[in-house]
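File shown: input21.cif. Contents: mmCIF, C-alpha atoms and all ligand atoms.
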data_coords
#
loop_
_atom_site.label_atom_id
_atom_site.label_comp_id
_atom_site.auth_asym_id
_atom_site.auth_seq_id
_atom_site.Cartn_x
_atom_site.Cartn_y
_atom_site.Cartn_z
CA MET P 1 103.66 272.58 242.13
CA ASN P 2 104.93 274.26 245.26
CA ARG P 3 103.14 272.97 248.34
CA VAL P 4 103.80 274.77 251.60
CA TYR P 5 104.13 273.45 255.12
CA ASN P 6 100.86 274.62 256.61
CA PHE P 7 100.90 275.05 260.39
CA SER P 8 97.29 276.25 260.56
CA ALA P 9 95.23 275.34 263.63
CA GLY P 10 92.44 274.17 261.34
CA PRO P 11 91.40 273.59 258.68
CA SER P 12 94.84 272.14 258.27
CA MET P 13 97.00 269.82 256.18
CA LEU P 14 95.63 266.56 254.86
CA PRO P 15 97.91 263.64 253.95
CA GLU P 16 99.19 264.09 250.40
CA SER P 17 98.31 260.54 249.42
CA VAL P 18 94.72 261.19 250.52
CA LEU P 19 94.51 264.35 248.41
CA LEU P 20 95.94 262.51 245.41
CA ARG P 21 93.44 259.70 245.80
CA ALA P 22 90.54 262.15 246.15
CA ALA P 23 91.78 263.87 242.99
CA ALA P 24 92.00 260.58 241.11
CA GLU P 25 88.47 259.64 242.19
CA MET P 26 87.03 263.10 241.60
CA LEU P 27 85.26 262.63 238.29
CA ASP P 28 84.33 258.97 238.50
CA TYR P 29 84.11 257.34 241.91
CA GLU P 30 84.59 253.56 241.55
CA GLY P 31 82.91 253.38 238.15
CA SER P 32 79.78 255.20 239.31
CA GLY P 33 80.32 257.86 236.64
CA GLN P 34 80.03 260.63 239.24
CA SER P 35 81.95 262.43 241.92
CA VAL P 36 81.20 261.72 245.57
CA MET P 37 80.20 265.40 245.73
CA GLU P 38 77.40 264.75 243.28
CA MET P 39 75.89 261.50 244.46
CA SER P 40 72.72 260.97 246.47
CA HIS P 41 73.40 260.29 250.12
CA ARG P 42 70.72 257.58 249.89
CA SER P 43 72.47 255.74 247.06
CA LYS P 44 73.99 252.30 247.51
CA VAL P 45 77.42 253.54 246.52
CA TYR P 46 77.33 256.32 249.15
CA ASP P 47 75.98 253.98 251.80
CA ALA P 48 79.18 251.97 251.52
CA ILE P 49 81.21 255.15 252.06
CA ILE P 50 79.47 256.30 255.25
CA LYS P 51 79.34 252.77 256.67
CA GLY P 52 83.00 252.28 255.76
CA ALA P 53 83.96 255.52 257.50
CA GLU P 54 82.13 254.51 260.65
CA SER P 55 83.53 251.00 260.80
CA LEU P 56 87.09 252.28 260.24
CA LEU P 57 86.66 254.89 262.99
CA ARG P 58 85.40 252.17 265.33
CA GLU P 59 88.32 249.95 264.45
CA VAL P 60 91.05 252.60 264.65
CA MET P 61 89.75 254.16 267.90
CA GLU P 62 88.63 250.80 269.36
CA ILE P 63 85.19 252.20 270.11
CA PRO P 64 83.16 249.79 272.27
CA ASP P 65 79.87 248.41 270.88
CA ASN P 66 77.73 250.30 273.40
CA TYR P 67 78.75 253.62 271.84
CA LYS P 68 77.07 255.28 268.85
CA VAL P 69 79.09 257.17 266.27
CA LEU P 70 77.27 260.18 264.81
CA PHE P 71 78.37 262.17 261.77
CA LEU P 72 76.86 265.62 262.27
CA GLN P 73 77.28 269.23 261.16
CA GLY P 74 77.44 272.54 262.99
CA GLY P 75 81.01 272.19 264.22
CA ALA P 76 82.20 271.50 267.74
CA SER P 77 80.50 274.80 268.62
CA SER P 78 77.06 273.23 268.13
CA GLN P 79 78.04 270.55 270.62
CA PHE P 80 78.47 273.27 273.23
CA ALA P 81 74.64 273.41 273.15
CA MET P 82 73.80 269.86 272.14
CA VAL P 83 75.62 268.35 275.11
CA PRO P 84 73.62 270.24 277.77
CA LEU P 85 70.33 270.00 275.86
CA ASN P 86 70.62 266.22 275.73
CA LEU P 87 72.50 265.37 278.92
CA MET P 88 71.51 268.02 281.43
CA THR P 89 68.15 266.41 282.01
CA LYS P 90 68.13 264.66 285.39
CA ASN P 91 69.38 267.24 287.87
CA ARG P 92 69.98 270.02 285.36
CA LYS P 93 73.52 270.40 286.67
CA ALA P 94 76.92 270.10 285.01
CA ASP P 95 80.54 270.71 286.03
CA TYR P 96 83.02 272.45 283.72
CA VAL P 97 86.80 272.86 283.75
CA LEU P 98 87.93 276.09 282.12
CA SER P 99 91.25 275.47 280.39
CA GLY P 100 90.94 277.89 277.48
CA GLN P 101 88.60 279.77 275.20
CA PHE P 102 86.66 276.85 273.83
CA SER P 103 85.89 275.32 277.22
CA THR P 104 84.81 278.78 278.37
CA LYS P 105 82.49 279.07 275.38
CA ALA P 106 81.15 275.58 276.10
CA TYR P 107 80.51 276.54 279.72
CA LYS P 108 78.76 279.80 278.83
CA GLU P 109 76.51 278.04 276.35
CA ALA P 110 75.64 275.26 278.80
CA ALA P 111 74.88 277.80 281.53
CA ARG P 112 71.93 278.93 279.40
CA PHE P 113 70.34 275.54 279.92
CA GLY P 114 70.99 274.70 283.56
CA ASP P 115 73.12 275.04 286.66
CA CYS P 116 76.77 274.96 285.58
CA LYS P 117 79.68 275.09 287.96
CA VAL P 118 83.27 275.98 287.16
CA VAL P 119 85.18 273.38 289.17
CA ALA P 120 88.62 274.63 288.10
CA SER P 121 90.07 277.33 285.87
CA SER P 122 93.50 278.42 284.69
CA LYS P 123 92.29 281.79 283.41
CA GLU P 124 94.49 283.55 286.00
CA GLN P 125 97.51 281.86 284.42
CA ASN P 126 96.38 282.96 280.95
CA PHE P 127 95.50 279.33 280.30
CA SER P 128 99.19 278.45 280.05
CA ARG P 129 98.50 275.19 281.88
CA ILE P 130 95.77 272.70 282.68
CA PRO P 131 94.33 273.79 286.05
CA ASP P 132 94.84 271.66 289.14
CA LEU P 133 91.69 269.72 289.88
CA ASP P 134 90.28 269.27 293.36
CA PRO P 135 87.80 266.38 293.33
CA LYS P 136 86.10 267.90 296.38
CA GLU P 137 84.79 270.55 293.99
CA PHE P 138 83.16 267.96 291.72
CA ARG P 139 79.43 267.55 292.25
CA PRO P 140 78.37 263.89 292.48
CA ASP P 141 74.87 264.80 291.28
CA ALA P 142 76.06 266.61 288.14
CA ASP P 143 74.55 265.22 284.94
CA TYR P 144 78.01 265.31 283.36
CA PHE P 145 81.52 266.73 283.73
CA HIS P 146 82.99 268.62 280.77
CA ILE P 147 86.59 269.17 279.69
CA CYS P 148 88.28 270.37 276.53
CA MET P 149 91.04 267.80 276.20
CA ASN P 150 93.44 269.71 273.95
CA ASN P 151 93.44 273.49 274.05
CA THR P 152 94.15 274.56 270.50
CA ILE P 153 94.84 278.22 271.21
CA TYR P 154 97.18 277.78 274.19
CA GLY P 155 98.89 274.50 273.27
CA THR P 156 97.95 272.57 276.40
CA VAL P 157 96.50 269.11 276.91
CA PHE P 158 95.12 267.01 279.76
CA HIS P 159 97.77 264.33 280.33
CA ALA P 160 95.59 262.69 282.99
CA LEU P 161 91.80 262.50 283.02
CA PRO P 162 89.71 263.67 285.97
CA GLU P 163 88.21 260.88 288.07
CA THR P 164 84.51 261.63 287.93
CA GLY P 165 83.10 258.36 289.27
CA ASP P 166 79.58 257.76 287.97
CA VAL P 167 79.32 261.23 286.48
CA PRO P 168 79.80 260.89 282.70
CA LEU P 169 82.92 262.61 281.40
CA VAL P 170 82.31 264.67 278.26
CA ALA P 171 85.30 265.84 276.23
CA ASP P 172 85.86 268.18 273.32
CA ILE P 173 88.62 266.40 271.39
CA SER P 174 88.52 268.62 268.29
CA SER P 175 92.25 269.22 268.21
CA CYS P 176 93.53 265.84 269.41
CA ILE P 177 91.15 263.26 267.94
CA LEU P 178 93.14 260.43 266.29
CA SER P 179 96.46 261.86 267.50
CA ARG P 180 97.01 258.97 269.92
CA PRO P 181 95.03 256.08 271.42
CA ILE P 182 92.41 257.01 273.99
CA ASP P 183 90.27 254.78 276.19
CA VAL P 184 86.81 255.62 274.87
CA SER P 185 85.17 253.69 277.72
CA ARG P 186 86.33 256.41 280.14
CA PHE P 187 83.94 258.88 278.49
CA GLY P 188 80.22 259.44 278.19
CA VAL P 189 80.55 261.66 275.13
CA LEU P 190 83.45 262.64 272.88
CA TYR P 191 83.01 265.25 270.20
CA ALA P 192 85.21 266.89 267.60
CA GLY P 193 85.11 269.14 264.59
CA ALA P 194 86.85 267.16 261.85
CA GLN P 195 88.85 269.97 260.26
CA LYS P 196 92.13 269.34 262.08
CA ASN P 197 92.95 265.65 262.08
CA VAL P 198 90.14 263.97 260.20
CA ALA P 199 88.74 265.68 257.13
CA PRO P 200 87.90 269.03 255.57
CA ALA P 201 85.55 271.29 257.56
CA GLY P 202 81.85 270.50 257.67
CA LEU P 203 81.86 267.25 259.61
CA THR P 204 81.42 266.97 263.37
CA ILE P 205 82.00 263.58 264.99
CA VAL P 206 80.14 262.59 268.15
CA ILE P 207 80.86 259.35 270.00
CA ILE P 208 78.23 258.77 272.67
CA ARG P 209 77.50 255.99 275.14
CA GLU P 210 74.11 254.62 274.17
CA ASP P 211 72.49 254.97 277.59
CA LEU P 212 73.10 258.74 277.44
CA ILE P 213 70.95 259.13 274.33
CA GLY P 214 67.72 259.82 276.17
CA GLU P 215 64.95 262.39 276.15
CA PRO P 216 66.46 265.85 275.72
CA GLN P 217 65.27 269.02 277.43
CA GLU P 218 61.86 270.15 276.22
CA LYS P 219 61.75 272.34 273.11
CA THR P 220 65.13 271.02 271.96
CA PRO P 221 65.09 271.40 268.16
CA THR P 222 64.83 268.05 266.37
CA MET P 223 68.21 268.55 264.71
CA PHE P 224 69.77 269.10 268.14
CA MET P 225 68.56 265.80 269.59
CA TYR P 226 71.14 263.02 269.66
CA LYS P 227 68.32 260.50 269.36
CA THR P 228 67.25 261.97 266.01
CA HIS P 229 70.64 261.16 264.52
CA ALA P 230 71.23 257.94 266.44
CA GLU P 231 67.91 256.48 265.30
CA SER P 232 68.58 257.33 261.67
CA ASP P 233 72.27 256.39 261.51
CA SER P 234 73.28 260.00 260.80
CA MET P 235 70.90 260.07 257.81
CA TYR P 236 68.02 262.09 259.28
CA ASN P 237 68.90 264.77 256.78
CA THR P 238 71.67 265.19 254.20
CA PRO P 239 74.96 264.50 255.98
CA PRO P 240 78.22 266.30 255.05
CA CYS P 241 78.78 263.68 252.36
CA TYR P 242 82.12 264.74 250.95
CA SER P 243 83.76 265.33 254.35
CA ILE P 244 82.65 261.87 255.44
CA TYR P 245 84.24 260.41 252.31
CA MET P 246 87.47 262.28 253.06
CA CYS P 247 87.27 261.04 256.65
CA LYS P 248 87.16 257.49 255.28
CA LEU P 249 90.25 258.11 253.13
CA VAL P 250 92.13 259.65 256.08
CA LEU P 251 91.25 256.67 258.27
CA GLU P 252 92.48 254.29 255.55
CA TRP P 253 95.75 256.25 255.48
CA LEU P 254 95.98 256.13 259.26
CA LYS P 255 95.35 252.40 259.38
CA ASN P 256 97.31 251.23 256.35
CA GLU P 257 100.10 253.76 255.83
CA VAL P 258 100.75 254.95 259.39
CA GLY P 259 99.88 251.69 261.14
CA GLY P 260 97.22 252.82 263.59
CA LEU P 261 97.01 255.15 266.56
CA LYS P 262 100.01 253.81 268.50
CA ALA P 263 102.24 254.45 265.51
CA MET P 264 100.57 257.83 265.00
CA GLU P 265 101.27 258.76 268.61
CA LYS P 266 104.94 257.82 268.23
CA ARG P 267 105.26 260.06 265.16
CA ASN P 268 103.44 262.92 266.88
CA VAL P 269 105.46 262.70 270.10
CA GLU P 270 108.69 262.73 268.08
CA LYS P 271 107.61 265.70 265.96
CA ALA P 272 106.59 267.71 269.05
CA ALA P 273 109.87 266.83 270.82
CA LEU P 274 111.85 268.29 267.92
CA LEU P 275 110.16 271.65 268.47
CA TYR P 276 110.04 271.61 272.27
CA ASP P 277 113.69 270.55 272.56
CA PHE P 278 114.65 273.45 270.36
CA LEU P 279 112.47 275.90 272.32
CA ASP P 280 114.05 274.71 275.58
CA ARG P 281 117.58 275.38 274.33
CA SER P 282 116.83 278.54 272.33
CA LYS P 283 117.95 281.90 273.67
CA LEU P 284 115.44 283.74 271.50
CA PHE P 285 112.29 281.66 271.40
CA LYS P 286 110.35 280.61 274.45
CA GLY P 287 107.51 278.08 274.75
CA CYS P 288 104.28 279.48 276.23
CA ALA P 289 102.65 276.41 277.75
CA GLU P 290 103.96 275.07 281.04
CA LYS P 291 105.99 271.91 280.48
CA GLU P 292 103.68 269.48 282.25
CA SER P 293 100.69 270.67 280.17
CA ARG P 294 102.33 270.75 276.74
CA SER P 295 100.29 269.61 273.77
CA ILE P 296 101.77 267.46 271.01
CA MET P 297 99.37 269.03 268.49
CA ASN P 298 99.68 272.80 269.01
CA VAL P 299 103.02 274.31 270.02
CA THR P 300 102.85 277.95 271.17
CA PHE P 301 105.89 280.19 271.48
CA VAL P 302 107.09 283.82 271.51
CA THR P 303 110.31 285.79 271.16
CA GLY P 304 109.20 288.26 273.83
CA ASP P 305 109.21 291.10 271.29
CA LYS P 306 106.03 291.71 269.26
CA ASP P 307 107.87 293.22 266.29
CA LEU P 308 110.29 290.33 266.15
CA ASP P 309 107.34 287.89 266.34
CA ALA P 310 105.77 289.62 263.34
CA LYS P 311 109.06 289.57 261.45
CA PHE P 312 109.43 285.86 262.16
CA VAL P 313 105.91 285.04 260.98
CA GLN P 314 106.43 287.05 257.80
CA GLU P 315 109.84 285.59 256.94
CA ALA P 316 108.66 282.07 257.74
CA ALA P 317 105.70 282.46 255.38
CA ALA P 318 108.00 283.70 252.63
CA ALA P 319 110.10 280.57 253.15
CA GLY P 320 107.06 278.25 252.82
CA PHE P 321 106.11 277.79 256.51
CA VAL P 322 102.65 279.32 256.60
CA ASN P 323 100.04 280.12 259.27
CA LEU P 324 102.47 280.36 262.18
CA LYS P 325 100.82 283.43 263.65
CA GLY P 326 99.34 282.75 267.09
CA HIS P 327 95.61 283.04 267.72
CA ARG P 328 94.41 286.65 267.43
CA SER P 329 93.55 286.70 271.15
CA VAL P 330 97.02 285.70 272.42
CA GLY P 331 99.53 286.76 269.76
CA GLY P 332 102.98 285.22 269.39
CA MET P 333 103.36 282.08 267.33
CA ARG P 334 101.66 278.72 267.14
CA ALA P 335 102.78 275.74 265.13
CA SER P 336 99.94 273.27 264.76
CA ILE P 337 101.53 269.96 263.92
CA TYR P 338 98.58 267.68 263.37
CA ASN P 339 98.77 264.13 262.05
CA ALA P 340 99.31 265.11 258.42
CA MET P 341 102.25 267.45 259.09
CA PRO P 342 105.26 265.42 257.96
CA ARG P 343 108.26 265.12 260.27
CA GLU P 344 110.29 266.81 257.57
CA GLY P 345 108.10 269.93 257.91
CA VAL P 346 108.93 270.21 261.61
CA GLU P 347 112.63 269.51 261.03
CA LYS P 348 112.79 272.25 258.42
CA LEU P 349 110.88 274.66 260.64
CA VAL P 350 113.37 274.08 263.47
CA GLN P 351 116.26 274.73 261.05
CA PHE P 352 114.56 277.91 259.94
CA MET P 353 114.11 279.00 263.56
CA GLU P 354 117.77 278.27 264.31
CA ASN P 355 118.84 280.47 261.41
CA PHE P 356 116.41 283.21 262.41
CA GLU P 357 117.83 283.14 265.92
CA LYS P 358 121.39 283.52 264.62
CA GLU P 359 120.44 286.39 262.35
CA ASN P 360 118.46 288.21 265.03
CA ALA P 361 120.65 287.60 268.06
N1 LIG A 1 86.91 273.22 270.33
C1 LIG A 1 88.21 273.26 270.01
C2 LIG A 1 89.20 272.59 270.92
C3 LIG A 1 88.63 273.90 268.84
O1 LIG A 1 89.93 273.94 268.53
C4 LIG A 1 87.66 274.51 268.00
C5 LIG A 1 88.03 275.19 266.71
N2 LIG A 1 89.29 275.57 266.48
C6 LIG A 1 86.33 274.48 268.41
C7 LIG A 1 85.99 273.81 269.55
C8 LIG A 1 85.27 275.12 267.57
O2 LIG A 1 85.05 274.25 266.53
P1 LIG A 1 84.14 274.55 265.28
O3 LIG A 1 84.79 275.63 264.52
O4 LIG A 1 84.14 273.22 264.57
O5 LIG A 1 82.80 274.91 265.78
#

Show me this structure written as structure tokens.
Ligand code: PMP
Amino acid sequence: MNRVYNFSAGPSMLPESVLLRAAAEMLDYEGSGQSVMEMSHRSKVYDAIIKGAESLLREVMEIPDNYKVLFLQGGASSQFAMVPLNLMTKNRKADYVLSGQFSTKAYKEAARFGDCKVVASSKEQNFSRIPDLDPKEFRPDADYFHICMNNTIYGTVFHALPETGDVPLVADISSCILSRPIDVSRFGVLYAGAQKNVAPAGLTIVIIREDLIGEPQEKTPTMFMYKTHAESDSMYNTPPCYSIYMCKLVLEWLKNEVGGLKAMEKRNVEKAALLYDFLDRSKLFKGCAEKESRSIMNVTFVTGDKDLDAKFVQEAAAAGFVNLKGHRSVGGMRASIYNAMPREGVEKLVQFMENFEKENA
């Protein structure tokens, strides 16, 4: 077996021990005589899986009791609509920070349902940084304030959260969920597609403060109401059963093998430093994100020469470092180094980059 180091932005690597356990449990899950893929979501054996996943997520992320955890489908992209439909109900106003493509998509979707204001944007800087925020721009009567915490395409992250007072802060944490501890109580809603740090694609996690689960805008489809899923413990319809099971295994790995989110953060910070330190001393490669906005999950870089970028991506893939091509909209390279990327993978990538630099100087 020849497994590669997969630097994909998502779906991405899963911990090897998790994959091995899933393989071992594939045909007969805990003596049930069936795979988790085959079992009824209403069965007793599955009930323990979904409840186990939720309680582990609550424990690992230290989610306060007044927050609901929802296991949904539709990807983070569905949340771009679900958030306004459910939260933009009092004054029909919301504030958005544009820090990349996904926050722009979220803003455009929300603008279909109410009065949305862009309070800051780094579009002019090609999203190479988190924009400066001027609290005077924030509207105190907004129903919520939206950010995309980690910008997957550009490799930037909010290192400090905006102070929004009583206005609930809503964050897309698709590409940084479980990468380090966060204070959930600072947020009204957190949402994430699971396919980067949590599970295979198909599962969307929403963590929502209970008082925000109210009456949605009229004509909101039943499946798009938070209350539908909150009232039925994510069992209104068939949930993404297998992804939730994988989420449980990943959380067990995170808790028992890694040692929780503080330990995870330490690993992630060290892995990212290996790459950023190299980029800062390299004469060939250059990091794209401004230093103070750098993400520890997605590291973007270029050589400055498109042909050389393509050569690098191709030679890296041949050497077992796959999916290093940057997002189709920005080009260059991107190394996504999510939780399951071992330190060794980053060390070897840096060695490979050093050699490439020597050979192409
Ligand atoms: N937000 C962010 C930060 C993302 O990285 C992505 C996907 N890469 C999305 C939203 C869209 O997620 P999905 O594909 O789950 O709809």

What are the closest atom pairs, with distances in Å to one decimal, for all residues of chain P lying within 7 Å of ligand LIG 1 (chain A)? Consider only C-alpha atoms and all ligand atoms, order rows by chain and residue number, and present the result as a tab-separated table.
residue	atom	partner	partner_atom	distance
P:Ala9	CA	A:LIG1	N2	6.6
P:Gly10	CA	A:LIG1	N2	6.2
P:Gly74	CA	A:LIG1	O5	6.5
P:Gly75	CA	A:LIG1	O4	3.3
P:Ala76	CA	A:LIG1	O5	4.0
P:Ser77	CA	A:LIG1	O5	3.7
P:Ser78	CA	A:LIG1	O5	6.4
P:Phe102	CA	A:LIG1	N1	5.0
P:Cys148	CA	A:LIG1	C2	6.1
P:Asn150	CA	A:LIG1	C2	6.0
P:Asn151	CA	A:LIG1	C2	5.3
P:Thr152	CA	A:LIG1	O1	4.7
P:Asp172	CA	A:LIG1	N1	6.0
P:Ile173	CA	A:LIG1	C2	6.2
P:Ser174	CA	A:LIG1	C2	4.8
P:Ser175	CA	A:LIG1	O1	5.3
P:Gly193	CA	A:LIG1	O4	4.2
P:Thr204	CA	A:LIG1	O4	6.9

| task | Identify which of the residues P:Ala310, P:Leu20, P:Ala110, P:Met341 lies closest to Leu85 of chain P, counting all atoms listed in the file when measuring atom-to-atom distances. | result |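 Closest to Leu85 of chain P, using all atoms listed in the file: P:Ala110.
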
| said: One number please: atom CA of Val36 of chain P to atom CA of Met13 of chain P, in Å, one decimal. | reply: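 Going from atom CA of Val36 of chain P over to atom CA of Met13 of chain P covers 20.7 Å.
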
Shell around Gln217 of chain P at 12 Å using only C-alpha atoms, local window under 3 positions removed, as a compact mmCIF listing (two decimals) with C-alpha atoms, in the coordinates of the input:
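As written to disk, part20.txt reads:
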# COMPACT_ATOMS: atom_id res chain seq x y z
CA ALA P 81 74.64 273.41 273.15
CA MET P 82 73.80 269.86 272.14
CA VAL P 83 75.62 268.35 275.11
CA PRO P 84 73.62 270.24 277.77
CA LEU P 85 70.33 270.00 275.86
CA ASN P 86 70.62 266.22 275.73
CA LEU P 87 72.50 265.37 278.92
CA MET P 88 71.51 268.02 281.43
CA THR P 89 68.15 266.41 282.01
CA LYS P 90 68.13 264.66 285.39
CA ASN P 91 69.38 267.24 287.87
CA ARG P 92 69.98 270.02 285.36
CA PHE P 113 70.34 275.54 279.92
CA GLY P 114 70.99 274.70 283.56
CA ILE P 213 70.95 259.13 274.33
CA GLY P 214 67.72 259.82 276.17
CA THR P 220 65.13 271.02 271.96
CA PRO P 221 65.09 271.40 268.16
CA THR P 222 64.83 268.05 266.37
CA PHE P 224 69.77 269.10 268.14
CA MET P 225 68.56 265.80 269.59
CA TYR P 226 71.14 263.02 269.66

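Restricting the calculation to only C-alpha atoms, the smallest distance between Ala53 of chain P and any of P:Val250, P:Ala111, P:Ala24, P:Ala316 is found for P:Val250.
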
| message | Calculated over only C-alpha atoms, which of the candidates P:Tyr154, P:Tyr96, P:Phe127, P:Tyr29 has the smallest distance to Ala142 of chain P? | response | P:Tyr96

Please write as a PDB file with C-alpha atoms, in the coordinates of the input the list of polymer residues whose atoms come within 12 Å of (110.2, 289.7, 274.7), counting only C-alpha atoms and keeping to the coordinates of the file.
ATOM      1  CA  LYS P 283     117.950 281.900 273.670  1.00  0.00           C
ATOM      2  CA  LEU P 284     115.440 283.740 271.500  1.00  0.00           C
ATOM      3  CA  PHE P 285     112.290 281.660 271.400  1.00  0.00           C
ATOM      4  CA  LYS P 286     110.350 280.610 274.450  1.00  0.00           C
ATOM      5  CA  GLY P 287     107.510 278.080 274.750  1.00  0.00           C
ATOM      6  CA  CYS P 288     104.280 279.480 276.230  1.00  0.00           C
ATOM      7  CA  PHE P 301     105.890 280.190 271.480  1.00  0.00           C
ATOM      8  CA  VAL P 302     107.090 283.820 271.510  1.00  0.00           C
ATOM      9  CA  THR P 303     110.310 285.790 271.160  1.00  0.00           C
ATOM     10  CA  GLY P 304     109.200 288.260 273.830  1.00  0.00           C
ATOM     11  CA  ASP P 305     109.210 291.100 271.290  1.00  0.00           C
ATOM     12  CA  LYS P 306     106.030 291.710 269.260  1.00  0.00           C
ATOM     13  CA  ASP P 307     107.870 293.220 266.290  1.00  0.00           C
ATOM     14  CA  LEU P 308     110.290 290.330 266.150  1.00  0.00           C
ATOM     15  CA  ASP P 309     107.340 287.890 266.340  1.00  0.00           C
ATOM     16  CA  GLY P 332     102.980 285.220 269.390  1.00  0.00           C
TER      17      GLY P 332
END

| query | atom CA of Ile207 of chain P to atom CA of Val189 of chain P: how many Å, to one decimal? | reply | 5.6 Å

| request: Check the smallest atom-to-atom distance from each of P:Leu349, P:Leu70, P:Leu14, P:Leu203 to His229 of chain P using all atoms listed in the file, then report the winner. | output: P:Leu70

| field | From P:Arg334, P:Arg21, P:Lys227, P:Arg267, residue lying nearest Lys68 of chain P [all atoms listed in the file] | value |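 Among the listed residues, P:Lys227 lies closest to Lys68 of chain P.
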
For Leu161 of chain P: contacts at 10 Å, all atoms listed in the file, fewer than 4 positions along chain excluded, given as a CSV table (one decimal) with C-alpha atoms, in the frame of the given file:
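What landed in result35.csv:
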chain,number,residue,atom,x,y,z
P,133,LEU,CA,91.7,269.7,289.9
P,147,ILE,CA,86.6,269.2,279.7
P,149,MET,CA,91.0,267.8,276.2
P,169,LEU,CA,82.9,262.6,281.4
P,171,ALA,CA,85.3,265.8,276.2
P,186,ARG,CA,86.3,256.4,280.1
P,187,PHE,CA,83.9,258.9,278.5

| field | Close residues, Asn268 of chain P itself excluded, 8 Å, only C-alpha atoms, min 6 positions apart in chain, as a PyMOL selection string | value | chain P and resi 179+296-297+337-339

| said: Please report the interatomic distance between atom CA of Ser128 of chain P and atom CA of Gly331 of chain P in Å with one decimal. | reply: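 Pair atom CA of Ser128 of chain P / atom CA of Gly331 of chain P returns 13.2 Å.
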